[in-house]
>>> print(open('work21.cif').read())   # mmCIF, C-alpha atoms
data_run
#
loop_
_atom_site.label_atom_id
_atom_site.label_comp_id
_atom_site.auth_asym_id
_atom_site.auth_seq_id
_atom_site.Cartn_x
_atom_site.Cartn_y
_atom_site.Cartn_z
CA MET A 1 64.67 173.32 59.84
CA ASP A 2 67.96 172.32 58.20
CA GLY A 3 68.74 168.91 56.73
CA ALA A 4 70.80 167.71 59.68
CA LEU A 5 68.03 168.46 62.17
CA TRP A 6 65.50 166.68 59.98
CA MET A 7 67.78 163.64 59.96
CA TYR A 8 67.90 163.54 63.77
CA VAL A 9 64.11 163.88 63.96
CA LEU A 10 63.62 161.12 61.39
CA LEU A 11 66.02 158.86 63.29
CA ALA A 12 64.06 159.37 66.51
CA LEU A 13 60.65 158.84 64.88
CA THR A 14 61.67 155.61 63.15
CA THR A 15 63.69 154.17 66.04
CA ALA A 16 61.25 154.66 68.92
CA PRO A 17 58.45 152.32 67.76
CA PRO A 18 59.31 148.60 67.62
CA LEU A 19 59.01 146.63 64.37
CA VAL A 20 59.87 149.63 62.18
CA PRO A 21 62.82 148.67 59.90
CA ASN A 22 65.31 151.55 59.85
CA ALA A 23 68.71 149.79 59.72
CA ALA A 24 69.50 151.47 56.40
CA LEU A 25 68.65 154.92 57.79
CA ILE A 26 70.87 154.38 60.84
CA ALA A 27 73.74 153.15 58.64
CA SER A 28 73.25 156.22 56.48
CA ALA A 29 73.41 158.47 59.55
CA GLY A 30 76.66 156.76 60.57
CA ALA A 31 78.13 157.35 57.13
CA LEU A 32 77.06 161.01 57.22
CA ALA A 33 78.71 161.35 60.63
CA GLU A 34 81.94 159.96 59.21
CA ALA A 35 81.70 162.54 56.42
CA GLY A 36 81.31 165.32 59.00
CA GLU A 37 77.73 166.19 58.07
CA LEU A 38 76.27 164.88 61.34
CA SER A 39 77.59 164.62 64.89
CA LEU A 40 78.55 161.03 65.72
CA GLY A 41 77.83 161.53 69.43
CA LEU A 42 74.42 163.05 68.74
CA VAL A 43 73.50 160.29 66.30
CA LEU A 44 74.34 157.66 68.94
CA PHE A 45 72.43 159.59 71.60
CA VAL A 46 69.30 160.04 69.48
CA VAL A 47 69.22 156.40 68.35
CA ALA A 48 69.80 154.92 71.81
CA VAL A 49 67.50 157.28 73.74
CA SER A 50 64.62 157.09 71.25
CA ALA A 51 64.84 153.28 71.26
CA LEU A 52 64.77 153.25 75.07
CA ALA A 53 61.80 155.64 75.04
CA GLY A 54 59.99 153.20 72.76
CA ASP A 55 60.81 150.32 75.09
CA ALA A 56 59.47 152.30 78.07
CA ALA A 57 56.27 153.05 76.14
CA VAL A 58 55.76 149.35 75.34
CA TYR A 59 56.28 148.48 79.02
CA GLY A 60 53.85 151.21 80.08
CA ILE A 61 51.17 150.03 77.65
CA GLY A 62 51.64 146.49 78.95
CA ARG A 63 51.13 147.64 82.55
CA LEU A 64 48.06 149.74 81.75
CA ALA A 65 46.35 147.10 79.63
CA SER A 66 47.84 143.83 80.85
CA GLY A 67 44.55 141.91 80.68
CA ARG A 68 43.93 142.90 77.07
CA VAL A 69 47.54 142.21 76.16
CA VAL A 70 47.38 138.69 77.65
CA ARG A 71 44.16 137.98 75.73
CA TRP A 72 45.71 139.26 72.50
CA LEU A 73 48.89 137.23 72.97
CA SER A 74 46.90 134.13 73.90
CA ARG A 75 44.73 134.12 70.76
CA ALA A 76 47.46 132.52 68.66
CA ALA A 77 49.45 129.48 69.74
CA ARG A 78 52.73 131.04 68.56
CA ARG A 79 52.20 134.26 70.52
CA LYS A 80 51.06 132.34 73.61
CA ALA A 81 54.17 130.13 73.46
CA ALA A 82 56.36 133.23 73.12
CA LEU A 83 54.65 134.79 76.15
CA THR A 84 55.16 131.70 78.30
CA TRP A 85 58.76 131.22 77.17
CA THR A 86 59.64 134.88 77.77
CA ALA A 87 57.90 135.09 81.15
CA ASP A 88 59.76 132.02 82.40
CA ARG A 89 63.16 133.38 81.38
CA ILE A 90 62.60 136.90 82.68
CA GLY A 91 61.76 135.41 86.05
CA THR A 92 64.83 133.15 85.95
CA HIS A 93 67.51 135.37 84.40
CA GLY A 94 66.29 138.93 84.99
CA VAL A 95 68.32 141.81 83.52
CA PRO A 96 70.65 139.66 81.34
CA PHE A 97 67.62 138.20 79.59
CA VAL A 98 66.06 141.64 79.13
CA VAL A 99 69.28 142.63 77.38
CA GLY A 100 69.42 139.51 75.23
CA ILE A 101 65.81 139.39 74.06
CA ARG A 102 66.17 142.79 72.43
CA PHE A 103 68.23 141.12 69.70
CA LEU A 104 65.62 138.45 68.87
CA PRO A 105 62.99 139.04 66.18
CA SER A 106 60.13 141.08 67.72
CA GLY A 107 62.11 140.99 70.98
CA ARG A 108 61.50 144.63 71.87
CA LEU A 109 57.74 144.17 71.67
CA VAL A 110 57.39 140.72 73.24
CA GLY A 111 60.02 141.40 75.91
CA GLY A 112 58.53 144.73 76.97
CA LEU A 113 54.94 143.47 77.06
CA THR A 114 55.87 140.31 78.95
CA ALA A 115 57.98 142.19 81.50
CA ALA A 116 54.97 144.42 82.15
CA ILE A 117 52.52 141.52 82.40
CA VAL A 118 54.62 139.63 84.97
CA ARG A 119 55.17 142.92 86.87
CA TYR A 120 58.92 142.79 86.44
CA HIS A 121 60.46 145.74 88.31
CA PRO A 122 60.36 148.78 85.98
CA GLY A 123 63.78 150.02 87.10
CA ARG A 124 65.40 146.69 86.32
CA TYR A 125 63.60 146.46 83.01
CA LEU A 126 64.75 149.94 81.98
CA LEU A 127 68.31 149.10 83.08
CA GLY A 128 68.37 146.00 80.88
CA ALA A 129 66.65 147.77 77.99
CA GLY A 130 69.04 150.70 78.29
CA LEU A 131 72.11 148.47 78.16
CA ALA A 132 70.68 146.62 75.16
CA GLU A 133 69.90 149.82 73.27
CA VAL A 134 73.38 151.26 73.90
CA ILE A 135 74.94 148.07 72.49
CA TRP A 136 72.54 148.00 69.54
CA ALA A 137 72.92 151.69 68.73
CA SER A 138 76.72 151.48 68.95
CA TYR A 139 77.16 148.66 66.45
CA SER A 140 74.34 149.87 64.17
CA VAL A 141 75.79 153.36 63.82
CA ALA A 142 79.36 152.03 63.68
CA LEU A 143 78.50 149.90 60.64
CA GLY A 144 77.64 153.00 58.67
CA TYR A 145 80.50 155.04 60.10
CA TRP A 146 83.21 152.47 59.42
CA GLY A 147 81.61 151.37 56.16
CA GLY A 148 81.58 154.92 54.88
CA SER A 149 85.17 155.42 55.98
CA ALA A 150 86.51 152.18 54.51
CA LEU A 151 84.53 152.20 51.29
CA GLY A 152 84.09 155.94 50.78
CA SER A 153 80.43 155.50 49.91
CA THR A 154 77.19 156.07 51.80
CA TRP A 155 75.49 153.47 49.63
CA SER A 156 78.10 150.90 50.59
CA ALA A 157 77.47 151.67 54.25
CA LEU A 158 73.73 151.25 53.68
CA LEU A 159 74.25 147.84 52.09
CA ILE A 160 76.60 146.74 54.87
CA GLY A 161 74.14 147.85 57.55
CA LEU A 162 71.27 146.04 55.88
CA ALA A 163 73.29 142.86 55.36
CA VAL A 164 74.51 142.71 58.96
CA SER A 165 71.02 143.45 60.29
CA LEU A 166 69.65 140.54 58.26
CA LEU A 167 72.46 138.29 59.49
CA VAL A 168 71.85 139.22 63.14
CA ALA A 169 68.11 138.68 62.70
CA GLY A 170 68.72 135.27 61.11
CA VAL A 171 71.03 134.09 63.89
CA ALA A 172 68.62 135.40 66.53
CA GLN A 173 65.74 133.59 64.83
CA LEU A 174 67.65 130.31 64.98
CA MET A 175 68.45 130.89 68.65
CA SER A 176 64.82 131.74 69.35
CA ARG A 177 63.57 128.56 67.71
CA ALA A 178 66.10 126.46 69.59
CA GLY A 179 65.09 128.04 72.88
CA ARG A 180 61.39 127.52 72.29
CA THR A 181 61.86 123.79 71.74
CA ALA A 182 62.93 123.44 75.37
CA PRO A 183 60.08 122.47 77.72
CA SER A 184 58.64 125.35 79.72
CA PRO A 185 57.15 124.96 83.19
CA ALA A 186 53.38 124.74 82.99
CA GLY A 187 51.08 127.27 84.55
CA ILE A 188 53.32 130.30 85.04
CA SER A 189 51.32 132.26 87.58
CA PRO A 190 52.28 135.80 86.50
CA VAL A 191 50.89 135.10 83.02
CA ALA A 192 47.76 133.45 84.32
CA HIS A 193 47.27 136.33 86.79
CA PRO A 194 48.53 139.51 85.12
CA ASP A 195 47.33 141.73 87.97
CA GLY A 196 49.17 139.74 90.63
CA PRO A 197 52.18 140.78 92.74
CA ALA A 198 55.39 142.08 91.27
CA GLY A 199 57.82 139.58 89.79
CA GLY A 200 61.64 139.34 90.20
#
>>> encode(input="work21.cif", output="structure tokens")
Amino acid sequence: MDGALWMYVLLALTTAPPLVPNAALIASAGALAEAGELSLGLVLFVVAVSALAGDAAVYGIGRLASGRVVRWLSRAARRKAALTWTADRIGTHGVPFVVGIRFLPSGRLVGGLTAAIVRYHPGRYLLGAGLAEVIWASYSVALGYWGGSALGSTWSALLIGLAVSLLVAGVAQLMSRAGRTAPSPAGISPVAHPDGPAGG
């Protein structure tokens, strides 16, 4: 297996699972694409599709083990608050919220599990997740591609990708904290009854 193929495989393996930090690897792939060593289109495809596959797996696990997931999320006050907050907004805003939560810290995991618990329509969830992953993959790969082109260095692209990822995470964290301070309706039925009817 040549080096390029290994790079695509590594991208897929590190992008699919949530909470695995691989911003530097994606920026590096973008820089290598700019240098002609990788295909830009294939890098984008692998990153976006593997991320969506990971989102689908999280949703599937949430559907298969919703009772256990609710118990796990409810053990800590912070996780329980995140579950309630997310469930309320998925029901209210639907696909736009599914897109937006992907960019919050732990958003892929919490968003996918909550969507499954409240029985949010799988087609709508995958639509929102797909749109989010295309946006995320595009700017993540572009950072490395443009950074490598402008600065002529893969290491510069890596540093730019890492810096922007930290900046996005910081802004999203502030937005998340601000949103969680807003009062949430008590007793959201889909959370209290994870095996109930499908939600919006």
>>> resolve_selection(input="work21.cif", expression="the PyMOL selection byres ((chain A and resi 87) around 9)", output="ChimeraX atom specification")
/A:82-86,88-92,111,114-115,117-118,188,190-191
>>> resolve_selection(input="work21.cif", expression="the PyMOL selection byres ((chain A and resi 7) around 12)", output="list of chain:residue names")
A:Met1, A:Asp2, A:Gly3, A:Ala4, A:Leu5, A:Trp6, A:Tyr8, A:Val9, A:Leu10, A:Leu11, A:Ala12, A:Leu13, A:Thr14, A:Thr15, A:Leu25, A:Ile26, A:Ser28, A:Ala29, A:Gly30, A:Leu32, A:Ala33, A:Glu37, A:Leu38, A:Ser39, A:Leu42, A:Val43, A:Val46, A:Val47
>>> write_last_selection(input="work21.cif", atoms="C-alpha atoms", output="tab-separated table (two decimals), in the coordinates of the input")
chain	number	residue	atom	x	y	z
A	1	MET	CA	64.67	173.32	59.84
A	2	ASP	CA	67.96	172.32	58.20
A	3	GLY	CA	68.74	168.91	56.73
A	4	ALA	CA	70.80	167.71	59.68
A	5	LEU	CA	68.03	168.46	62.17
A	6	TRP	CA	65.50	166.68	59.98
A	8	TYR	CA	67.90	163.54	63.77
A	9	VAL	CA	64.11	163.88	63.96
A	10	LEU	CA	63.62	161.12	61.39
A	11	LEU	CA	66.02	158.86	63.29
A	12	ALA	CA	64.06	159.37	66.51
A	13	LEU	CA	60.65	158.84	64.88
A	14	THR	CA	61.67	155.61	63.15
A	15	THR	CA	63.69	154.17	66.04
A	25	LEU	CA	68.65	154.92	57.79
A	26	ILE	CA	70.87	154.38	60.84
A	28	SER	CA	73.25	156.22	56.48
A	29	ALA	CA	73.41	158.47	59.55
A	30	GLY	CA	76.66	156.76	60.57
A	32	LEU	CA	77.06	161.01	57.22
A	33	ALA	CA	78.71	161.35	60.63
A	37	GLU	CA	77.73	166.19	58.07
A	38	LEU	CA	76.27	164.88	61.34
A	39	SER	CA	77.59	164.62	64.89
A	42	LEU	CA	74.42	163.05	68.74
A	43	VAL	CA	73.50	160.29	66.30
A	46	VAL	CA	69.30	160.04	69.48
A	47	VAL	CA	69.22	156.40	68.35
>>> resolve_selection(input="work21.cif", expression="the PyMOL selection byres ((chain A and resi 119-135) around 9)", output="ChimeraX atom specification")
/A:44-45,47-49,51-52,55-56,59,63,90-91,94-103,108,112,114-118,136-140,190,194-200
>>> atom_distance(input="work21.cif", atom1="CA of Ser106 in chain A", atom2="CA of Leu143 in chain A")
21.6 Å
>>> closest_residue(input="work21.cif", among="A:Gly62, A:Gly54, A:Pro18, A:Gly36", to="Tyr145 in chain A", atoms="only C-alpha atoms")
A:Gly36
